[in-house]
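Source file entry-v4.cif; content: mmCIF, C-alpha atoms.
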data_structure
#
loop_
_atom_site.label_atom_id
_atom_site.label_comp_id
_atom_site.auth_asym_id
_atom_site.auth_seq_id
_atom_site.Cartn_x
_atom_site.Cartn_y
_atom_site.Cartn_z
CA MET V 114 12.99 52.99 43.16
CA ALA V 115 10.92 54.47 40.37
CA TYR V 116 8.52 52.28 38.44
CA ASP V 117 10.21 51.05 35.25
CA LEU V 118 7.94 49.18 32.88
CA SER V 119 10.86 48.01 30.74
CA LEU V 120 12.10 45.71 33.55
CA PHE V 121 8.78 43.92 33.69
CA GLU V 122 8.56 43.73 29.90
CA GLN V 123 12.03 42.18 29.79
CA GLN V 124 11.00 39.57 32.36
CA ARG V 125 7.85 38.82 30.38
CA ARG V 126 9.79 38.44 27.12
CA ASN V 127 12.36 36.16 28.78
CA LEU V 128 9.57 34.03 30.23
CA GLN V 129 7.80 33.88 26.88
CA GLN V 130 10.98 32.92 25.05
CA SER V 131 11.76 30.19 27.58
CA TYR V 132 8.23 28.81 27.28
CA ALA V 133 8.40 28.85 23.46
CA GLN V 134 11.71 26.98 23.47
CA ASN V 135 10.44 24.37 25.93
CA ALA V 136 7.19 23.93 24.02
CA ALA V 137 9.03 23.46 20.72
CA LEU V 138 11.44 20.95 22.26
CA ASN V 139 8.57 19.03 23.85
CA ALA V 140 6.67 18.96 20.54
CA TYR V 141 9.72 17.62 18.72
CA ARG V 142 10.35 14.96 21.35
CA LYS V 143 6.68 14.00 21.18
CA TYR V 144 6.92 13.63 17.39
CA LEU V 145 10.03 11.44 17.69
CA ALA V 146 8.43 9.27 20.36
CA GLU V 147 5.24 8.91 18.34
CA THR V 148 7.20 7.92 15.24
CA ALA V 149 9.27 5.39 17.18
CA GLY V 150 6.20 4.07 18.99
CA GLN V 151 4.19 3.69 15.80
CA ARG V 152 6.89 1.56 14.14
CA PRO V 153 6.30 -1.65 16.17
CA ILE V 154 2.54 -1.25 15.72
CA THR V 155 2.97 -1.05 11.95
CA GLN V 156 5.32 -4.06 11.96
CA LEU V 157 2.85 -6.13 13.98
CA GLU V 158 -0.02 -5.17 11.69
CA GLU V 159 1.92 -5.94 8.52
CA ALA V 160 3.54 -9.16 9.74
CA ALA V 161 0.34 -11.22 9.63
CA PHE V 162 -0.15 -11.40 5.87
CA GLY V 163 3.20 -10.52 4.42
CA PHE V 164 3.62 -6.83 3.80
CA GLY V 165 7.30 -7.18 4.57
CA VAL V 166 10.59 -6.33 3.02
CA GLY V 167 12.27 -8.53 0.46
CA GLU V 168 11.15 -10.64 -2.42
CA GLY V 169 9.12 -13.71 -1.59
CA TYR V 170 8.34 -12.49 1.91
CA LEU V 171 5.59 -14.58 3.39
CA GLY V 172 3.53 -13.32 6.32
CA GLN V 173 3.05 -15.22 9.55
CA VAL V 174 -0.46 -16.51 8.80
CA PRO V 175 0.51 -18.00 5.40
CA LYS V 176 3.57 -19.58 7.07
CA ILE V 177 1.39 -21.19 9.75
CA THR V 178 -1.12 -22.40 7.15
CA SER V 179 1.62 -23.78 4.94
CA SER V 180 3.32 -25.53 7.84
CA TYR V 181 0.13 -27.33 8.85
CA ALA V 182 -0.77 -28.13 5.23
CA ARG V 183 2.60 -29.84 4.68
CA ARG V 184 1.85 -32.09 7.65
CA GLY V 185 -1.64 -32.86 6.38
CA LEU V 186 -3.38 -31.03 9.21
CA GLN V 187 -4.96 -28.35 7.05
CA GLY V 188 -6.41 -28.29 3.58
CA GLN V 189 -9.51 -28.99 1.56
CA GLY V 190 -11.77 -31.39 3.43
CA VAL V 191 -9.48 -31.47 6.49
CA LYS V 192 -10.70 -29.96 9.75
CA SER V 193 -7.89 -30.12 12.26
CA GLY V 194 -8.42 -28.94 15.80
CA ILE V 195 -4.67 -28.46 16.17
CA TYR V 196 -4.60 -26.13 13.17
CA ASN V 197 -7.63 -24.17 14.40
CA ARG V 198 -6.07 -23.90 17.86
CA ALA V 199 -2.78 -22.66 16.37
CA LEU V 200 -4.55 -19.95 14.36
CA SER V 201 -6.63 -19.01 17.36
CA GLN V 202 -3.53 -18.79 19.56
CA TYR V 203 -1.72 -16.73 16.93
CA ALA V 204 -4.66 -14.31 16.66
CA SER V 205 -4.85 -14.01 20.44
CA ASP V 206 -1.10 -13.38 20.79
CA ARG V 207 -1.14 -10.87 17.95
CA ALA V 208 -4.09 -8.97 19.40
CA ARG V 209 -2.47 -8.89 22.84
CA ASN V 210 0.89 -7.69 21.50
CA LEU V 211 -0.78 -5.09 19.32
CA GLY V 212 -2.80 -3.89 22.31
CA TYR V 213 0.35 -3.61 24.43
CA ALA V 214 2.15 -1.64 21.72
CA LYS V 215 -0.78 0.76 21.30
CA GLN V 216 -1.11 1.17 25.06
CA ASP V 217 2.62 1.91 25.38
CA LEU V 218 2.36 4.55 22.67
CA ALA V 219 -0.70 6.13 24.31
CA ASN V 220 1.09 6.24 27.67
CA GLN V 221 4.08 7.98 26.11
CA MET V 222 1.82 10.52 24.43
CA ARG V 223 0.02 11.20 27.73
CA GLY V 224 3.41 11.91 29.31
CA PHE V 225 4.19 14.52 26.66
CA GLU V 226 0.73 16.05 27.02
CA LEU V 227 1.31 16.30 30.76
CA GLY V 228 4.62 18.04 30.04
CA GLU V 229 2.82 20.51 27.77
CA THR V 230 0.24 21.23 30.45
CA GLN V 231 2.87 21.73 33.13
CA ALA V 232 4.92 24.06 30.94
CA LEU V 233 1.85 26.15 30.14
CA GLN V 234 0.88 26.29 33.81
CA SER V 235 4.41 27.37 34.74
CA TYR V 236 4.34 30.06 32.05
CA GLN V 237 0.98 31.39 33.23
CA GLN V 238 2.18 31.38 36.85
CA GLY V 239 5.30 33.30 35.79
CA LEU V 240 3.15 35.91 34.04
CA ALA V 241 0.96 36.22 37.14
CA ASP V 242 4.07 36.67 39.30
CA ILE V 243 5.35 39.43 37.01
CA GLU V 244 2.00 41.22 37.18
CA SER V 245 1.99 40.86 40.97
CA ASN V 246 5.51 42.29 41.21
CA LYS V 247 4.50 45.13 38.90
CA ALA V 248 1.49 45.98 41.08
CA ARG V 249 3.63 45.77 44.22
CA GLN V 250 6.19 48.16 42.67
CA ILE V 251 3.48 50.62 41.66
CA ALA V 252 2.04 50.52 45.19
CA ALA V 253 5.46 51.03 46.74
CA ASP V 254 6.18 54.00 44.46
CA ALA V 255 2.78 55.51 45.25
CA GLN V 256 3.45 55.12 48.95
CA ALA V 257 6.85 56.78 48.57
CA LEU V 258 5.23 59.72 46.73
CA LEU V 259 2.65 60.08 49.50
CA ALA V 260 5.41 60.09 52.09
CA LEU V 261 7.07 63.02 50.29
CA ARG V 262 4.04 65.30 50.87
#
Re-express the file's structure as structure tokens.
Amino acid sequence: MAYDLSLFEQQRRNLQQSYAQNAALNAYRKYLAETAGQRPITQLEEAAFGFGVGEGYLGQVPKITSSYARRGLQGQGVKSGIYNRALSQYASDRARNLGYAKQDLANQMRGFELGETQALQSYQQGLADIESNKARQIAADAQALLALR
């Protein structure tokens, strides 16, 4: 079989097109996952002091403060351990939940980055295989020409 560069170029183009499609799809999925993962983080951050939807929306901290004030456990000149403990517990829970949400998002992003790395590695391996096949074909054709002498 005579060496035909067009066959190897076609393989290279097919490999490149496949890689480009996979990379674009992975990038879009990563964007969607990042958007969806950022939403709960934003909601947790905004929930504390009332950056919510609707008129008269009160955040969680003002609700806690108001609840304890109505019962006389918080206010001017009142130092309630129960109130301080409730705020402390709220802050602790909020920090933990926010940390979990951020960690979940980071884990998802690492998964997409791993996918990008694997796709690139596969593409580079495919190119190396094409070059190896090309060299093998050239060597086989050269050997066939030598045999004709």
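Distance-wise, CA of Leu128 in chain V and CA of Asn246 in chain V end up 14.3 Å apart.
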Can you work out the spacing between CA of Ala260 in chain V and CA of Ala248 in chain V in Å, to one decimal?
-> 18.3 Å
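Distance check against Leu157 in chain V using only C-alpha atoms: of V:Ser245, V:Asn210, V:Gln134, V:Ser235, the minimum falls on V:Asn210.
Straight-line separation from CA of Asp117 in chain V to CA of Gln130 in chain V: 20.8 Å.
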One residue among V:Ala257, V:Leu186, V:Val174, V:Leu233 is nearest to Ser201 in chain V when using only C-alpha atoms, and that residue is V:Val174
Excluding Ala146 in chain V and any residue of its chain fewer than 5 positions from it, enumerate the residues within 10 Å of it, using all atoms listed in the file, and give them as an MDAnalysis selection string.
-> chainID V and resid 140:141 151 218 221:222 225
Of the candidates V:Arg207, V:Arg223, V:Arg198, V:Arg184, which shows the shortest atom-to-atom distance to Ala161 in chain V, using all atoms listed in the file?
->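 Of V:Arg207, V:Arg223, V:Arg198, V:Arg184, the one nearest Ala161 in chain V is V:Arg207, counting all atoms listed in the file.
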Return as a PDB file with C-alpha atoms, in the frame of the given file the set of residues that the PyMOL selection byres ((chain V and resi 177) around 10) yields on the displayed structure.
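Ended up saving to selection-v3.pdb:
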ATOM      1  CA  GLY V 172       3.530 -13.320   6.320  1.00  0.00           C
ATOM      2  CA  GLN V 173       3.050 -15.220   9.550  1.00  0.00           C
ATOM      3  CA  VAL V 174      -0.460 -16.510   8.800  1.00  0.00           C
ATOM      4  CA  PRO V 175       0.510 -18.000   5.400  1.00  0.00           C
ATOM      5  CA  LYS V 176       3.570 -19.580   7.070  1.00  0.00           C
ATOM      6  CA  THR V 178      -1.120 -22.400   7.150  1.00  0.00           C
ATOM      7  CA  SER V 179       1.620 -23.780   4.940  1.00  0.00           C
ATOM      8  CA  SER V 180       3.320 -25.530   7.840  1.00  0.00           C
ATOM      9  CA  TYR V 181       0.130 -27.330   8.850  1.00  0.00           C
ATOM     10  CA  ALA V 182      -0.770 -28.130   5.230  1.00  0.00           C
ATOM     11  CA  GLN V 187      -4.960 -28.350   7.050  1.00  0.00           C
ATOM     12  CA  TYR V 196      -4.600 -26.130  13.170  1.00  0.00           C
ATOM     13  CA  ALA V 199      -2.780 -22.660  16.370  1.00  0.00           C
ATOM     14  CA  LEU V 200      -4.550 -19.950  14.360  1.00  0.00           C
ATOM     15  CA  TYR V 203      -1.720 -16.730  16.930  1.00  0.00           C
TER      16      TYR V 203
END
Which residues fall under the PyMOL selection byres ((chain V and resi 129) around 12) in this file, as a PDB file with C-alpha atoms, in the coordinates of the input?
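Heads up, here's the output in selection_12.pdb:
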ATOM      1  CA  GLU V 122       8.560  43.730  29.900  1.00  0.00           C
ATOM      2  CA  GLN V 123      12.030  42.180  29.790  1.00  0.00           C
ATOM      3  CA  GLN V 124      11.000  39.570  32.360  1.00  0.00           C
ATOM      4  CA  ARG V 125       7.850  38.820  30.380  1.00  0.00           C
ATOM      5  CA  ARG V 126       9.790  38.440  27.120  1.00  0.00           C
ATOM      6  CA  ASN V 127      12.360  36.160  28.780  1.00  0.00           C
ATOM      7  CA  LEU V 128       9.570  34.030  30.230  1.00  0.00           C
ATOM      8  CA  GLN V 130      10.980  32.920  25.050  1.00  0.00           C
ATOM      9  CA  SER V 131      11.760  30.190  27.580  1.00  0.00           C
ATOM     10  CA  TYR V 132       8.230  28.810  27.280  1.00  0.00           C
ATOM     11  CA  ALA V 133       8.400  28.850  23.460  1.00  0.00           C
ATOM     12  CA  GLN V 134      11.710  26.980  23.470  1.00  0.00           C
ATOM     13  CA  ASN V 135      10.440  24.370  25.930  1.00  0.00           C
ATOM     14  CA  ALA V 136       7.190  23.930  24.020  1.00  0.00           C
ATOM     15  CA  ALA V 232       4.920  24.060  30.940  1.00  0.00           C
ATOM     16  CA  LEU V 233       1.850  26.150  30.140  1.00  0.00           C
ATOM     17  CA  SER V 235       4.410  27.370  34.740  1.00  0.00           C
ATOM     18  CA  TYR V 236       4.340  30.060  32.050  1.00  0.00           C
ATOM     19  CA  GLN V 237       0.980  31.390  33.230  1.00  0.00           C
ATOM     20  CA  GLN V 238       2.180  31.380  36.850  1.00  0.00           C
ATOM     21  CA  GLY V 239       5.300  33.300  35.790  1.00  0.00           C
ATOM     22  CA  LEU V 240       3.150  35.910  34.040  1.00  0.00           C
ATOM     23  CA  ILE V 243       5.350  39.430  37.010  1.00  0.00           C
TER      24      ILE V 243
END
Any chance you could work out the residue set of the PyMOL selection byres ((chain V and resi 214) around 10) here, as a list of chain:residue names?
->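 Selected by the PyMOL selection byres ((chain V and resi 214) around 10) here: V:Gly150, V:Gln151, V:Arg152, V:Pro153, V:Ile154, V:Thr155, V:Leu157, V:Ala208, V:Arg209, V:Asn210, V:Leu211, V:Gly212, V:Tyr213, V:Lys215, V:Gln216, V:Asp217, V:Leu218, V:Ala219, V:Asn220.
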Can you spit out the residues from that selection as a PDB file, in the coordinates of the input, using C-alpha atoms?
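Resulting contents of again_10.pdb:
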ATOM      1  CA  GLY V 150       6.200   4.070  18.990  1.00  0.00           C
ATOM      2  CA  GLN V 151       4.190   3.690  15.800  1.00  0.00           C
ATOM      3  CA  ARG V 152       6.890   1.560  14.140  1.00  0.00           C
ATOM      4  CA  PRO V 153       6.300  -1.650  16.170  1.00  0.00           C
ATOM      5  CA  ILE V 154       2.540  -1.250  15.720  1.00  0.00           C
ATOM      6  CA  THR V 155       2.970  -1.050  11.950  1.00  0.00           C
ATOM      7  CA  LEU V 157       2.850  -6.130  13.980  1.00  0.00           C
ATOM      8  CA  ALA V 208      -4.090  -8.970  19.400  1.00  0.00           C
ATOM      9  CA  ARG V 209      -2.470  -8.890  22.840  1.00  0.00           C
ATOM     10  CA  ASN V 210       0.890  -7.690  21.500  1.00  0.00           C
ATOM     11  CA  LEU V 211      -0.780  -5.090  19.320  1.00  0.00           C
ATOM     12  CA  GLY V 212      -2.800  -3.890  22.310  1.00  0.00           C
ATOM     13  CA  TYR V 213       0.350  -3.610  24.430  1.00  0.00           C
ATOM     14  CA  LYS V 215      -0.780   0.760  21.300  1.00  0.00           C
ATOM     15  CA  GLN V 216      -1.110   1.170  25.060  1.00  0.00           C
ATOM     16  CA  ASP V 217       2.620   1.910  25.380  1.00  0.00           C
ATOM     17  CA  LEU V 218       2.360   4.550  22.670  1.00  0.00           C
ATOM     18  CA  ALA V 219      -0.700   6.130  24.310  1.00  0.00           C
ATOM     19  CA  ASN V 220       1.090   6.240  27.670  1.00  0.00           C
TER      20      ASN V 220
END
